[in-house]
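Asks: Next comes coords05.csv, CSV, C-alpha atoms and all ligand atoms:
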```csv
chain,number,residue,atom,x,y,z
A,1,MET,CA,-264.9,-40.6,83.3
A,2,THR,CA,-262.5,-42.1,80.8
A,3,THR,CA,-259.0,-41.0,81.3
A,4,ILE,CA,-256.3,-40.8,78.6
A,5,LEU,CA,-252.6,-39.9,78.9
A,6,MET,CA,-250.4,-39.0,75.9
A,7,VAL,CA,-246.7,-39.6,76.4
A,8,CYS,CA,-243.6,-38.5,74.5
A,9,LEU,CA,-240.0,-37.9,75.6
A,10,GLY,CA,-239.9,-34.3,76.7
A,11,ASN,CA,-243.7,-33.5,77.0
A,12,ILE,CA,-243.0,-30.3,75.1
A,13,CYS,CA,-243.5,-31.1,71.4
A,14,ARG,CA,-245.6,-34.1,70.4
A,15,SER,CA,-247.7,-35.2,73.5
A,16,PRO,CA,-248.9,-31.6,74.2
A,17,LEU,CA,-250.3,-31.5,70.7
A,18,ALA,CA,-252.0,-34.9,71.1
A,19,HIS,CA,-253.3,-33.8,74.5
A,20,GLY,CA,-254.7,-30.5,73.2
A,21,ILE,CA,-256.1,-32.0,70.0
A,22,LEU,CA,-257.8,-35.0,71.5
A,23,GLN,CA,-259.2,-32.9,74.4
A,24,SER,CA,-260.8,-30.6,71.9
A,25,LYS,CA,-262.5,-33.5,70.1
A,26,LEU,CA,-264.0,-35.3,73.1
A,27,PRO,CA,-266.7,-34.1,75.5
A,28,LYS,CA,-265.1,-32.8,78.7
A,29,ASP,CA,-267.7,-34.3,81.0
A,30,LYS,CA,-266.9,-37.8,79.9
A,31,PHE,CA,-263.1,-37.7,79.0
A,32,TYR,CA,-260.1,-36.4,80.9
A,33,VAL,CA,-257.0,-36.0,78.7
A,34,ASP,CA,-253.5,-35.2,79.9
A,35,SER,CA,-249.9,-35.6,78.8
A,36,ALA,CA,-246.5,-36.4,80.3
A,37,GLY,CA,-242.9,-37.1,79.2
A,38,THR,CA,-240.7,-40.1,80.0
A,39,ALA,CA,-237.8,-37.6,80.7
A,40,ALA,CA,-237.6,-34.8,83.2
A,41,TYR,CA,-235.8,-32.3,80.9
A,42,HIS,CA,-238.4,-29.6,80.8
A,43,LEU,CA,-240.5,-29.9,84.0
A,44,VAL,CA,-243.2,-27.3,84.5
A,45,LYS,CA,-242.2,-25.6,81.2
A,46,PRO,CA,-244.9,-24.7,78.6
A,47,PRO,CA,-244.8,-26.6,75.3
A,48,ASP,CA,-242.1,-25.7,72.8
A,49,PRO,CA,-242.9,-22.4,71.1
A,50,ARG,CA,-243.1,-24.2,67.7
A,51,SER,CA,-245.8,-26.6,69.1
A,52,ILE,CA,-247.7,-23.6,70.6
A,53,ALA,CA,-247.5,-21.8,67.2
A,54,VAL,CA,-248.6,-24.7,65.0
A,55,ALA,CA,-251.6,-25.4,67.4
A,56,LYS,CA,-252.5,-21.7,67.3
A,57,LYS,CA,-252.3,-21.6,63.5
A,58,ASN,CA,-254.9,-24.4,63.6
A,59,GLY,CA,-257.1,-22.7,66.2
A,60,LEU,CA,-256.0,-24.5,69.3
A,61,ASP,CA,-254.4,-22.9,72.4
A,62,ILE,CA,-252.0,-25.2,74.2
A,63,SER,CA,-250.0,-22.5,75.9
A,64,ASN,CA,-251.3,-23.2,79.4
A,65,GLN,CA,-250.0,-26.8,79.5
A,66,LYS,CA,-247.0,-27.5,81.8
A,67,ALA,CA,-244.5,-30.4,81.2
A,68,ARG,CA,-244.4,-33.2,83.8
A,69,GLN,CA,-242.7,-36.5,84.0
A,70,PHE,CA,-244.6,-39.9,83.6
A,71,ASP,CA,-245.0,-41.5,87.0
A,72,VAL,CA,-245.8,-45.1,88.0
A,73,TYR,CA,-249.0,-43.9,89.6
A,74,ASP,CA,-250.2,-42.7,86.2
A,75,PHE,CA,-250.9,-46.4,85.6
A,76,ASP,CA,-253.6,-46.1,88.4
A,77,SER,CA,-255.0,-42.7,87.2
A,78,TYR,CA,-255.3,-43.4,83.5
A,79,ASP,CA,-257.4,-46.0,81.5
A,80,TYR,CA,-255.4,-45.5,78.2
A,81,ILE,CA,-251.7,-44.5,77.9
A,82,TYR,CA,-250.6,-43.7,74.4
A,83,ALA,CA,-246.8,-43.6,73.6
A,84,MET,CA,-245.8,-41.4,70.7
A,85,ASP,CA,-243.0,-43.7,69.6
A,86,ARG,CA,-241.5,-47.1,70.4
A,87,SER,CA,-238.8,-45.7,72.6
A,88,ASN,CA,-241.4,-44.0,74.8
A,89,TYR,CA,-243.4,-47.2,74.8
A,90,ARG,CA,-240.4,-49.2,76.1
A,91,ASP,CA,-239.7,-46.5,78.8
A,92,ILE,CA,-243.3,-46.6,80.0
A,93,ILE,CA,-243.4,-50.4,80.0
A,94,SER,CA,-240.2,-50.5,82.0
A,95,LYS,CA,-242.1,-48.9,84.9
A,96,ALA,CA,-245.1,-51.3,84.7
A,97,ARG,CA,-245.8,-53.3,87.9
A,98,ASN,CA,-248.1,-56.0,86.4
A,99,SER,CA,-250.0,-57.0,83.3
A,100,THR,CA,-252.9,-54.6,84.0
A,101,ASP,CA,-250.4,-51.7,83.7
A,102,ILE,CA,-248.9,-53.2,80.6
A,103,ASP,CA,-252.3,-53.6,78.9
A,104,LYS,CA,-253.0,-49.9,79.3
A,105,VAL,CA,-250.1,-48.9,77.1
A,106,LYS,CA,-250.5,-48.6,73.3
A,107,LEU,CA,-248.6,-47.0,70.5
A,108,PHE,CA,-250.5,-43.9,69.5
A,109,LEU,CA,-250.2,-44.7,65.8
A,110,GLU,CA,-251.5,-48.2,66.3
A,111,VAL,CA,-255.0,-47.0,65.5
A,112,ASN,CA,-253.9,-45.4,62.2
A,113,ASP,CA,-253.8,-48.1,59.6
A,114,SER,CA,-252.7,-45.7,56.9
A,115,ILE,CA,-249.3,-45.2,58.6
A,116,GLN,CA,-246.8,-48.0,58.3
A,117,LYS,CA,-244.1,-46.7,60.6
A,118,LYS,CA,-245.5,-46.5,64.1
A,119,ASP,CA,-243.3,-43.7,65.5
A,120,VAL,CA,-244.5,-40.1,65.5
A,121,PRO,CA,-241.3,-38.3,64.3
A,122,ASP,CA,-239.7,-36.1,67.0
A,123,PRO,CA,-239.7,-32.6,65.5
A,124,TYR,CA,-237.6,-31.1,68.3
A,125,TYR,CA,-234.4,-30.9,66.3
A,126,GLY,CA,-236.0,-30.0,63.0
A,127,GLY,CA,-237.6,-26.9,61.5
A,128,GLU,CA,-241.2,-25.6,61.2
A,129,LYS,CA,-242.1,-28.0,58.5
A,130,GLY,CA,-241.6,-30.9,61.0
A,131,PHE,CA,-244.1,-29.3,63.3
A,132,ASP,CA,-246.7,-28.9,60.5
A,133,ASP,CA,-246.3,-32.5,59.4
A,134,VAL,CA,-246.4,-33.8,63.0
A,135,TYR,CA,-249.5,-31.7,63.7
A,136,ASP,CA,-251.3,-33.2,60.7
A,137,LEU,CA,-250.3,-36.7,61.7
A,138,ILE,CA,-251.4,-36.2,65.3
A,139,PHE,CA,-254.6,-34.5,64.2
A,140,ASN,CA,-255.6,-37.3,61.8
A,141,THR,CA,-254.8,-39.9,64.4
A,142,CYS,CA,-256.8,-38.1,67.1
A,143,SER,CA,-259.8,-38.1,64.7
A,144,LEU,CA,-259.5,-41.9,64.6
A,145,LEU,CA,-259.3,-42.0,68.4
A,146,GLU,CA,-262.4,-39.8,68.6
A,147,GLU,CA,-264.2,-42.4,66.4
A,148,LYS,CA,-263.0,-45.2,68.7
A,149,PHE,CA,-264.1,-43.4,71.9
A,150,SER,CA,-267.4,-42.0,70.6
A,151,PRO,CA,-268.7,-44.4,68.1
A,152,LYS,CA,-271.6,-43.1,66.0
A,153,ALA,CA,-274.8,-45.1,66.6
B,1,LIG,P1,-241.0,-34.4,72.6
B,1,LIG,O1,-239.7,-33.8,71.9
B,1,LIG,O2,-240.6,-35.7,73.2
B,1,LIG,O3,-242.0,-34.5,71.4
B,1,LIG,O4,-241.5,-33.4,73.6
B,1,LIG,C1,-238.5,-33.6,72.6
B,1,LIG,C2,-238.4,-32.5,73.4
B,1,LIG,C3,-237.2,-32.2,74.1
B,1,LIG,C4,-236.1,-33.1,73.9
B,1,LIG,C5,-236.3,-34.2,73.1
B,1,LIG,C6,-237.5,-34.4,72.4
B,1,LIG,N1,-234.9,-32.9,74.5
B,1,LIG,O5,-233.9,-33.6,74.3
B,1,LIG,O6,-234.8,-31.9,75.3
```
Could you spell out this file's structure in structure tokens?
Replies:
Amino acid sequence: MTTILMVCLGNICRSPLAHGILQSKLPKDKFYVDSAGTAAYHLVKPPDPRSIAVAKKNGLDISNQKARQFDVYDFDSYDYIYAMDRSNYRDIISKARNSTDIDKVKLFLEVNDSIQKKDVPDPYYGGEKGFDDVYDLIFNTCSLLEEKFSPKA
């Protein structure tokens, strides 16, 4: 089983989308996908209603997810840890115990060569359009991760 963790700040806007989208693209018997936030603002809450709505509009149900905080033991449980932005990256790295932990952490957008700025914008304080744009960005990047994790022969 390959284990993948998506991480943002609150675990209610961006990482739940990355979690749900990538999970829908990979075979469940080979990949376990989860998400977490670096902050504890919204523990056990479902994703932001705007993330639930944009996912639903695109045929994906993420309403059963529950926010949790990133924990140092996630370094043991996950093979790949993807940070939605550089601030999340720094917060995750600050908890790393050794170089094995550090090597697991990547910027989510690193795989997406068509995007120069490597931060997924935080749509929390914006309007609906922000969520549509972020959904598209996360969806396209998850397609690239799907290629990385299940290369066609
Ligand atoms: P997320 O967005 O990191 O994509 O889940 C945010 C959600 C909540 C807050 C900030 C960002 N907040 O400050 O409560």
Asks: Hey, which residues sit close to ligand LIG 1 (chain B)? Say within 8 Å, counting only C-alpha atoms and all ligand atoms, and write them as a PyMOL selection string.
Replies: chain A and resi 7-16+37+41-42+47-48+84+122-125
Asks: Contacts of Ser24 in chain A at 10 Å or less, counting all atoms listed in the file, minus same-chain residues fewer than 2 places along, as a PyMOL selection string?
Replies: chain A and resi 18-22+26-28+33+60+142+146
Asks: In Å to one decimal, how far is CA of Ile62 in chain A from CA of Asp113 in chain A?
Replies: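 CA of Ile62 in chain A lies at a distance of 27.2 Å from CA of Asp113 in chain A.
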Asks: For Lys106 in chain A, which residue out of A:Met6, A:Ile52, A:Val44, A:Ala67 is the nearest one, using all atoms listed in the file?
Replies: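 Checking each candidate against Lys106 in chain A, we get A:Met6 as the closest.
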Asks: Provide the CA of Thr2 in chain A to CA of Gln116 in chain A distance in Å, to one decimal place.
Replies: 28.1 Å
Asks: Just checking: using only C-alpha atoms, which residue out of A:Asn112, A:Ser77, A:Thr38, A:Gln65 ends up closest to Ser51 in chain A?
Replies: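 Using only C-alpha atoms, the shortest distance to Ser51 in chain A belongs to A:Gln65.
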Asks: Could you check which of A:Ser35, A:Ser150, A:Thr3, A:Asn58 is closest to Asp76 in chain A, using all atoms listed in the file?
Replies: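 The closest residue to Asp76 in chain A is A:Thr3.
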Asks: Residues within 10 Å of Pro121 in chain A, please, as a list in words. Count only C-alpha atoms; anything in the same chain fewer than 5 positions from it doesn't count.
Replies: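 My list of contacting residues is Arg14, Met84, Asp85, Gly126, Gly130, Phe131, Asp133, Val134 and Leu137 of chain A.
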Asks: Write the residues you've just listed into a file as a PDB file, in the coordinates of the input, and include C-alpha atoms for each of them.
Replies:
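Below is the file result12.pdb, written as the result:
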```pdb
ATOM      1  CA  ARG A  14    -245.600 -34.100  70.400  1.00  0.00           C
ATOM      2  CA  MET A  84    -245.800 -41.400  70.700  1.00  0.00           C
ATOM      3  CA  ASP A  85    -243.000 -43.700  69.600  1.00  0.00           C
ATOM      4  CA  GLY A 126    -236.000 -30.000  63.000  1.00  0.00           C
ATOM      5  CA  GLY A 130    -241.600 -30.900  61.000  1.00  0.00           C
ATOM      6  CA  PHE A 131    -244.100 -29.300  63.300  1.00  0.00           C
ATOM      7  CA  ASP A 133    -246.300 -32.500  59.400  1.00  0.00           C
ATOM      8  CA  VAL A 134    -246.400 -33.800  63.000  1.00  0.00           C
ATOM      9  CA  LEU A 137    -250.300 -36.700  61.700  1.00  0.00           C
TER      10      LEU A 137
END
```
Asks: So what do you get for CA of Lys57 in chain A versus CA of Asp34 in chain A, distance-wise?
Replies: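 Taking CA of Lys57 in chain A as the start and CA of Asp34 in chain A as the end point, the length is 21.3 Å.
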Asks: Counting all atoms listed in the file, I want the residues whose atoms come within 12 Å of (-239.2, -49.2, 69.6) in the file frame, returned as JSON, numbers by chain.
Replies: {"A": [83, 84, 85, 86, 87, 88, 89, 90, 91, 92, 93, 106, 107, 117, 118, 119, 120]}
Asks: Looking at A:Ser63, A:Ser94, A:Ser99, A:Thr141, which one is nearest to Ser114 in chain A, with distances taken over only C-alpha atoms?
Replies: A:Thr141
Asks: Counting all atoms listed in the file, which residue out of A:Ala53, A:Ala39, A:Val72, A:Leu144 sits closest to Phe108 in chain A?
Replies: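 Selected residue with least distance to Phe108 in chain A: A:Leu144.
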